[in-house]
There are 2 protein chains.
Amino acid sequence: MKMKIAITGKGGVGKTTFTAILSRLYASDGYRVLAVDADPDANLALALGFPEEMMEKMAPIAEMKNLVTERTNSIPGSFGKMFKMNPKVDDIPDRYCTEYKNVKLLTMGTVDTGGSGCICPENVLLKRLTSHLILRNKDVVIMDMEAGIEHLGRGTAQGVDALIVVVEPGARSLQTYEKVKKLGRDIGITKTLVVGNKIRDEKDEEYILSKVDKDKCLGFIRYSQDIVDSDRSGMSPFDYCKETVEEVKKVKSKLLSL
Amino acid sequence: MKMKIAITGKGGVGKTTFTAILSRLYASDGYRVLAVDADPDANLALALGFPEEMMEKMAPIAEMKNLVTERTNSIPGSFGKMFKMNPKVDDIPDRYCTEYKNVKLLTMGTVDTGGSGCICPENVLLKRLTSHLILRNKDVVIMDMEAGIEHLGRGTAQGVDALIVVVEPGARSLQTYEKVKKLGRDIGITKTLVVGNKIRDEKDEEYILSKVDKDKCLGFIRYSQDIVDSDRSGMSPFDYCKETVEEVKKVKSKLLSL
């Protein structure tokens with residue numbers, strides 16, 4: 001098994017938590033996992049449990065441009081070539097990947113200065129990079145996308161095998177799901193799956209199932225005070241929230257079958 | 001009193017709900033309110049209670065470019081001039097504003113097609129427009145910003161009197177608050193206020209107060225099942241959630257004093 005997936009959905013639904021747990025689960029099973037933090041306002045490293053000293057040393061993809069030019073004498077706009085020459089997951093320059101508990105992490109970086117501009121160049125670079133990765137057996141790439149739908153306009157996740165939309169039992173996150181499904185098809189992604197998060201009771205599950213394609217639903221994750229507490233204490237939910245991890249395990253099994 | 005404010009924060013914290021209630025409150029007090037939906041993945045019209053037939057007719061700002069060129073023979077990049085000629089809140093072309101219950105609404109529009117590109121042009125236009133608005137007494141402009149921090153890189157809200165960051169009692173939304181404060185200063189916004197949302201108990205309030213500038217805190221809004229229900233049923237929280245409206249009223253009073 002090998003796959004490239006992107007985790008998407010409305011802000012605040014739990015994309016980063018889900019990405020972190022799923023990544024750590026695949027790593028525990030012996031997969032080579034590349035986790036990509038494509039959200040300038042998230043902190044996937046923190047959710048993955050990276051120690052602070054490792055986080056401080058990490059360089060974002062924004063700085064990768066120089067390296068690409070340096071190594072290939074390529075002109076801007078021709079980055080694709082370099083990535084074709086250098087395509088395997090475990091060939092991504094170690095300088096930009098930091099590894100912890102068998103998960104390699106690549107981060108897009110954040111907005112450092114107000115008024116400094118958009119993050120379009122970083123999105124282009126990430127699109128080039130991830131769409132040219134050639135996976136071998138037991139390679140898994142999991143991208144944690146920016147909240148909302150602009151990344152689908154940019155096509156950042158183009159070339160993934162599936163989009164997984166995290167939804168919560170509310171109308172707005174399900175509207176985002178509908179948009180993601182449509183916009184994903186526009187960029188050639190035909191498989192859009194869904195995970196229901198922050199479930200409090202059966203009515204929540206029924207509500208979500210009434211709004212999504214039932215056969216594309218990977219399962220449900222219950223609302224958990226442990227997740228809230230792990231967020232506050234800066235702990236990885238994978239190490240702290242055993243019940244949620246068990247629920248994500250079931251989602252992962254279902255993912256194989258869809 | 002007159003003011004231009006931008007509501008910001010991590011995805012899912014309740015920006016749109018807060019913007020909608022605050023806008024309707026000012027309108028009830030006889031203010032001329034211009035609400036701006038600057039989030040391509042939100043639906044401020046729905047939260048404001050706009051009837052469906054009005055929402056269907058609304059044109060987004062994305063289509064405004066043509067009008068600007070049409071009326072001014074301006075060349076792209078010189079939109080500022082037009083807005084200087086046409087600067088008052090109530091002069092914004094009615095074609096782009098839809099009014100309901102004394103709130104005028106301007107929407108940035110959504111991403112219609114996957115792979116069609118970023119929403120930088122729309123952000124530039126919005127920045128030009130809002131930073132050139134000259135307010136008279138009893139004019140209030142309230143912008144509901146895109147989740148996260150990219151809009152601060154773009155400087156979309158440049159020229160507002162204050163940023164109001166909506167936070168919930170969790171580490172990640174408070175990290176976003178810290179980033180917003182810093183990035184806001186970079187674009188010349190020195191006033192960054194904060195509202196705590198989804199409060200369940202006193203410990204939640206204490207947690208937030210321990211992480212923000214206490215004298216910049218506008219108050220707290222409790223977690224409310226009514227808000228969840230109004231979302232699911234597509235009702236405006238202003239018409240449906242009396243307790244929350246009372247809490248936002250207190251925030252509004254405090255806003256005057258800061």
# chains A, B, ... in the order shown; residues from 1 in each chain; ligands from 1

call {"tool": "closest_atom_pairs", "arguments": {"of": "chain B", "to": "chain A", "cutoff": "9 Å", "atoms": "only C-alpha atoms", "output": "CSV"}}
result
residue,atom,partner,partner_atom,distance
B:Lys10,CA,A:Gly11,CA,6.9
B:Gly11,CA,A:Gly11,CA,3.5
B:Gly12,CA,A:Gly12,CA,4.1
B:Val13,CA,A:Gly12,CA,6.8
B:Asp39,CA,A:Gly148,CA,8.6
B:Pro40,CA,A:Ile149,CA,7.2
B:Asp41,CA,A:Gly148,CA,5.4
B:Ala42,CA,A:Arg172,CA,7.6
B:Asn43,CA,A:Arg172,CA,8.0
B:Thr110,CA,A:Ile149,CA,8.4
B:Val111,CA,A:Gly153,CA,6.1
B:Asp112,CA,A:Leu183,CA,7.4
B:Thr113,CA,A:Leu183,CA,5.7
B:Gly114,CA,A:Leu183,CA,4.2
B:Gly115,CA,A:Gly153,CA,4.4
B:Ser116,CA,A:Gly153,CA,5.0
B:Gly117,CA,A:Arg154,CA,4.5
B:Cys118,CA,A:Arg154,CA,5.3
B:Ile119,CA,A:Glu150,CA,7.1
B:Cys120,CA,A:Cys118,CA,7.2
B:Glu146,CA,A:Gly148,CA,8.4
B:Ala147,CA,A:Gly11,CA,6.5
B:Gly148,CA,A:Asp41,CA,5.4
B:Ile149,CA,A:Asp41,CA,6.2
B:Glu150,CA,A:Cys118,CA,6.3
B:His151,CA,A:Cys118,CA,7.5
B:Leu152,CA,A:Gly114,CA,5.1
B:Gly153,CA,A:Gly115,CA,4.5
B:Arg154,CA,A:Gly117,CA,4.5
B:Gly155,CA,A:Gly115,CA,4.6
B:Thr156,CA,A:Gly115,CA,8.4
B:Gln158,CA,A:Gly115,CA,8.4
B:Pro169,CA,A:Arg232,CA,8.0
B:Gly170,CA,A:Arg232,CA,5.3
B:Ala171,CA,A:Arg232,CA,4.7
B:Arg172,CA,A:Asp231,CA,7.0
B:Gln175,CA,A:Asp41,CA,8.6
B:Thr176,CA,A:Asp41,CA,6.8
B:Lys179,CA,A:Asp112,CA,8.5
B:Val180,CA,A:Gly114,CA,8.7
B:Lys182,CA,A:Gly114,CA,7.7
B:Leu183,CA,A:Gly114,CA,4.2
B:Gly184,CA,A:Gly114,CA,6.2
B:Arg185,CA,A:Gly114,CA,7.5
B:Asp186,CA,A:Gly114,CA,4.8
B:Ile187,CA,A:Gly114,CA,5.5
B:Gly188,CA,A:Gly114,CA,8.9
B:Val228,CA,A:Gly170,CA,6.7
B:Asp229,CA,A:Gly170,CA,8.0
B:Asp231,CA,A:Ala171,CA,5.6
B:Arg232,CA,A:Ala171,CA,4.7
B:Ser233,CA,A:Ala171,CA,7.5
B:Gly234,CA,A:Ala171,CA,7.3

call {"tool": "write_last_selection", "arguments": {"atoms": "C-alpha atoms", "output": "PDB file, in the first residue's frame"}}
result
ATOM      1  CA  LYS B  10      -8.263  30.834  14.005  1.00  0.00           C
ATOM      2  CA  GLY B  11     -10.769  28.863  11.957  1.00  0.00           C
ATOM      3  CA  GLY B  12     -13.887  27.714  13.778  1.00  0.00           C
ATOM      4  CA  VAL B  13     -13.693  30.062  16.770  1.00  0.00           C
ATOM      5  CA  ASP B  39     -13.861  34.853   3.992  1.00  0.00           C
ATOM      6  CA  PRO B  40     -14.405  32.728   0.877  1.00  0.00           C
ATOM      7  CA  ASP B  41     -15.424  29.821   3.103  1.00  0.00           C
ATOM      8  CA  ALA B  42     -17.902  31.650   5.324  1.00  0.00           C
ATOM      9  CA  ASN B  43     -21.470  32.703   4.851  1.00  0.00           C
ATOM     10  CA  THR B 110     -15.948  32.284  -3.006  1.00  0.00           C
ATOM     11  CA  VAL B 111     -13.673  29.992  -5.019  1.00  0.00           C
ATOM     12  CA  ASP B 112     -15.856  28.760  -7.873  1.00  0.00           C
ATOM     13  CA  THR B 113     -13.470  26.475  -9.707  1.00  0.00           C
ATOM     14  CA  GLY B 114     -10.677  24.281  -8.377  1.00  0.00           C
ATOM     15  CA  GLY B 115      -7.304  25.236  -9.851  1.00  0.00           C
ATOM     16  CA  SER B 116      -8.547  28.675 -10.904  1.00  0.00           C
ATOM     17  CA  GLY B 117      -5.977  30.430  -8.735  1.00  0.00           C
ATOM     18  CA  CYS B 118      -5.690  32.345  -5.501  1.00  0.00           C
ATOM     19  CA  ILE B 119      -7.934  35.124  -4.228  1.00  0.00           C
ATOM     20  CA  CYS B 120      -5.185  37.733  -4.149  1.00  0.00           C
ATOM     21  CA  GLU B 146     -10.619  34.719   6.403  1.00  0.00           C
ATOM     22  CA  ALA B 147      -9.602  32.101   8.984  1.00  0.00           C
ATOM     23  CA  GLY B 148      -5.973  32.205   9.982  1.00  0.00           C
ATOM     24  CA  ILE B 149      -3.285  34.745   9.265  1.00  0.00           C
ATOM     25  CA  GLU B 150      -2.669  34.910   5.523  1.00  0.00           C
ATOM     26  CA  HIS B 151      -4.903  37.984   5.218  1.00  0.00           C
ATOM     27  CA  LEU B 152      -2.449  39.833   7.476  1.00  0.00           C
ATOM     28  CA  GLY B 153       0.378  38.993   5.085  1.00  0.00           C
ATOM     29  CA  ARG B 154      -1.798  40.475   2.375  1.00  0.00           C
ATOM     30  CA  GLY B 155      -2.743  43.422   4.557  1.00  0.00           C
ATOM     31  CA  THR B 156      -6.406  43.129   3.579  1.00  0.00           C
ATOM     32  CA  GLN B 158      -5.043  47.617   6.618  1.00  0.00           C
ATOM     33  CA  PRO B 169     -10.155  28.316  25.457  1.00  0.00           C
ATOM     34  CA  GLY B 170      -7.475  26.306  23.646  1.00  0.00           C
ATOM     35  CA  ALA B 171      -3.763  26.788  23.044  1.00  0.00           C
ATOM     36  CA  ARG B 172      -3.974  26.939  19.264  1.00  0.00           C
ATOM     37  CA  GLN B 175      -1.240  31.152  19.384  1.00  0.00           C
ATOM     38  CA  THR B 176      -3.193  32.665  16.505  1.00  0.00           C
ATOM     39  CA  LYS B 179       0.485  36.062  15.683  1.00  0.00           C
ATOM     40  CA  VAL B 180      -2.386  38.409  14.801  1.00  0.00           C
ATOM     41  CA  LYS B 182       2.312  40.975  15.919  1.00  0.00           C
ATOM     42  CA  LEU B 183       1.280  40.932  12.247  1.00  0.00           C
ATOM     43  CA  GLY B 184      -1.329  43.616  12.857  1.00  0.00           C
ATOM     44  CA  ARG B 185       1.337  45.939  14.267  1.00  0.00           C
ATOM     45  CA  ASP B 186       3.395  45.330  11.101  1.00  0.00           C
ATOM     46  CA  ILE B 187       0.591  46.816   9.020  1.00  0.00           C
ATOM     47  CA  GLY B 188       0.064  49.704  11.422  1.00  0.00           C
ATOM     48  CA  VAL B 228     -25.044  25.026  17.322  1.00  0.00           C
ATOM     49  CA  ASP B 229     -28.749  24.573  16.623  1.00  0.00           C
ATOM     50  CA  ASP B 231     -26.126  26.802  12.558  1.00  0.00           C
ATOM     51  CA  ARG B 232     -27.807  23.499  11.733  1.00  0.00           C
ATOM     52  CA  SER B 233     -31.146  25.071  11.016  1.00  0.00           C
ATOM     53  CA  GLY B 234     -29.672  27.932   8.963  1.00  0.00           C
TER      54      GLY B 234
END

call {"tool": "select_by_dssp", "arguments": {"residues": "segment 75-258 of chain B", "states": "strand (DSSP E)", "output": "MDAnalysis selection string"}}
result
chainID B and resid 97:100 103:107 139:144 162:167 192:199 217:222

call {"tool": "residues_around", "arguments": {"residues": "Pro237 of chain A", "least_positions_apart": "5", "cutoff": "8 Å", "atoms": "only C-alpha atoms", "output": "list in words"}}
result
Thr17, Ala20, Ile21, Ala47, Leu48, Asp226, Ile227, Ser230, Asp231 and Val245 of chain A

call {"tool": "write_last_selection", "arguments": {"atoms": "N, CA and C atoms", "output": "PDB file, in the first residue's frame"}}
result
ATOM      1  N   THR A  17      -5.245  17.707  14.346  1.00  0.00           N
ATOM      2  CA  THR A  17      -5.294  16.598  15.302  1.00  0.00           C
ATOM      3  C   THR A  17      -5.419  15.267  14.566  1.00  0.00           C
ATOM      4  N   ALA A  20      -2.226  14.389  12.650  1.00  0.00           N
ATOM      5  CA  ALA A  20      -1.149  13.962  13.552  1.00  0.00           C
ATOM      6  C   ALA A  20      -1.355  12.515  13.997  1.00  0.00           C
ATOM      7  N   ILE A  21      -2.565  12.184  14.409  1.00  0.00           N
ATOM      8  CA  ILE A  21      -2.815  10.827  14.902  1.00  0.00           C
ATOM      9  C   ILE A  21      -2.659   9.810  13.772  1.00  0.00           C
ATOM     10  N   ALA A  47       1.400  19.001  17.322  1.00  0.00           N
ATOM     11  CA  ALA A  47       0.406  17.919  17.427  1.00  0.00           C
ATOM     12  C   ALA A  47       1.038  16.551  17.234  1.00  0.00           C
ATOM     13  N   LEU A  48       2.153  16.509  16.478  1.00  0.00           N
ATOM     14  CA  LEU A  48       2.854  15.238  16.288  1.00  0.00           C
ATOM     15  C   LEU A  48       3.724  14.893  17.491  1.00  0.00           C
ATOM     16  N   ASP A 226     -10.229  15.110  26.524  1.00  0.00           N
ATOM     17  CA  ASP A 226      -8.784  14.847  26.466  1.00  0.00           C
ATOM     18  C   ASP A 226      -8.114  15.612  25.330  1.00  0.00           C
ATOM     19  N   ILE A 227      -8.824  15.734  24.206  1.00  0.00           N
ATOM     20  CA  ILE A 227      -8.250  16.475  23.066  1.00  0.00           C
ATOM     21  C   ILE A 227      -8.095  17.945  23.445  1.00  0.00           C
ATOM     22  N   SER A 230      -5.202  18.169  25.818  1.00  0.00           N
ATOM     23  CA  SER A 230      -3.893  17.975  25.183  1.00  0.00           C
ATOM     24  C   SER A 230      -3.498  19.236  24.426  1.00  0.00           C
ATOM     25  N   ASP A 231      -4.495  19.919  23.838  1.00  0.00           N
ATOM     26  CA  ASP A 231      -4.230  21.174  23.137  1.00  0.00           C
ATOM     27  C   ASP A 231      -3.683  22.207  24.129  1.00  0.00           C
ATOM     28  N   VAL A 245      -7.400   7.879  19.635  1.00  0.00           N
ATOM     29  CA  VAL A 245      -6.467   7.123  18.792  1.00  0.00           C
ATOM     30  C   VAL A 245      -7.139   5.832  18.303  1.00  0.00           C
TER      31      VAL A 245
END

call {"tool": "select_by_dssp", "arguments": {"residues": "segment 115-199 of chain A", "states": "alpha helix (DSSP H)", "output": "number ranges by chain"}}
result
A: 120-132, 150-154, 171-186

call {"tool": "residues_around", "arguments": {"residues": "Leu258 of chain B", "least_positions_apart": "6", "cutoff": "12 Å", "atoms": "only C-alpha atoms", "output": "JSON, numbers by chain"}}
result
{"B": [161, 162, 164, 191, 192, 193, 194, 214, 215, 216, 217, 218, 219, 251, 252]}

call {"tool": "write_last_selection", "arguments": {"atoms": "N, CA, C and O atoms", "output": "compact mmCIF listing (two decimals), in the first residue's frame"}}
result
# COMPACT_ATOMS: atom_id res chain seq x y z
N ASP B 161 -9.49 50.49 12.51
CA ASP B 161 -9.15 51.09 13.81
C ASP B 161 -8.72 50.02 14.81
O ASP B 161 -7.95 50.30 15.72
N ALA B 162 -9.28 48.83 14.68
CA ALA B 162 -8.93 47.77 15.62
C ALA B 162 -9.17 46.41 14.99
O ALA B 162 -10.03 46.23 14.13
N ILE B 164 -10.33 42.70 16.19
CA ILE B 164 -10.88 41.94 17.31
C ILE B 164 -10.61 40.47 17.04
O ILE B 164 -11.09 39.92 16.04
N LYS B 191 -4.19 48.56 17.76
CA LYS B 191 -5.20 48.12 18.72
C LYS B 191 -5.69 46.70 18.37
O LYS B 191 -6.36 46.51 17.35
N THR B 192 -5.29 45.75 19.19
CA THR B 192 -5.76 44.38 19.00
C THR B 192 -6.52 43.95 20.25
O THR B 192 -5.93 43.82 21.32
N LEU B 193 -7.81 43.77 20.09
CA LEU B 193 -8.67 43.41 21.22
C LEU B 193 -9.02 41.93 21.12
O LEU B 193 -8.78 41.29 20.10
N VAL B 194 -9.60 41.41 22.20
CA VAL B 194 -9.87 39.98 22.19
C VAL B 194 -11.22 39.67 22.83
O VAL B 194 -11.66 40.36 23.76
N LYS B 214 -4.94 41.53 29.61
CA LYS B 214 -6.23 41.61 30.32
C LYS B 214 -7.01 42.87 29.96
O LYS B 214 -8.22 42.84 29.80
N ASP B 215 -6.30 43.98 29.84
CA ASP B 215 -7.01 45.24 29.58
C ASP B 215 -7.46 45.37 28.13
O ASP B 215 -8.11 46.35 27.76
N LYS B 216 -7.15 44.37 27.32
CA LYS B 216 -7.62 44.37 25.93
C LYS B 216 -8.75 43.36 25.72
O LYS B 216 -9.19 43.13 24.60
N CYS B 217 -9.18 42.75 26.82
CA CYS B 217 -10.21 41.73 26.70
C CYS B 217 -11.61 42.35 26.77
O CYS B 217 -11.96 43.02 27.75
N LEU B 218 -12.39 42.15 25.75
CA LEU B 218 -13.71 42.76 25.65
C LEU B 218 -14.77 41.96 26.38
O LEU B 218 -15.91 42.41 26.51
N GLY B 219 -14.42 40.74 26.82
CA GLY B 219 -15.40 39.94 27.54
C GLY B 219 -15.51 38.53 26.99
O GLY B 219 -14.71 38.12 26.14
N VAL B 251 -20.09 43.05 25.27
CA VAL B 251 -18.82 43.21 24.55
C VAL B 251 -18.84 44.54 23.78
O VAL B 251 -17.85 45.29 23.79
N LYS B 252 -19.97 44.85 23.19
CA LYS B 252 -20.13 46.08 22.40
C LYS B 252 -19.97 47.31 23.29
O LYS B 252 -19.33 48.30 22.90
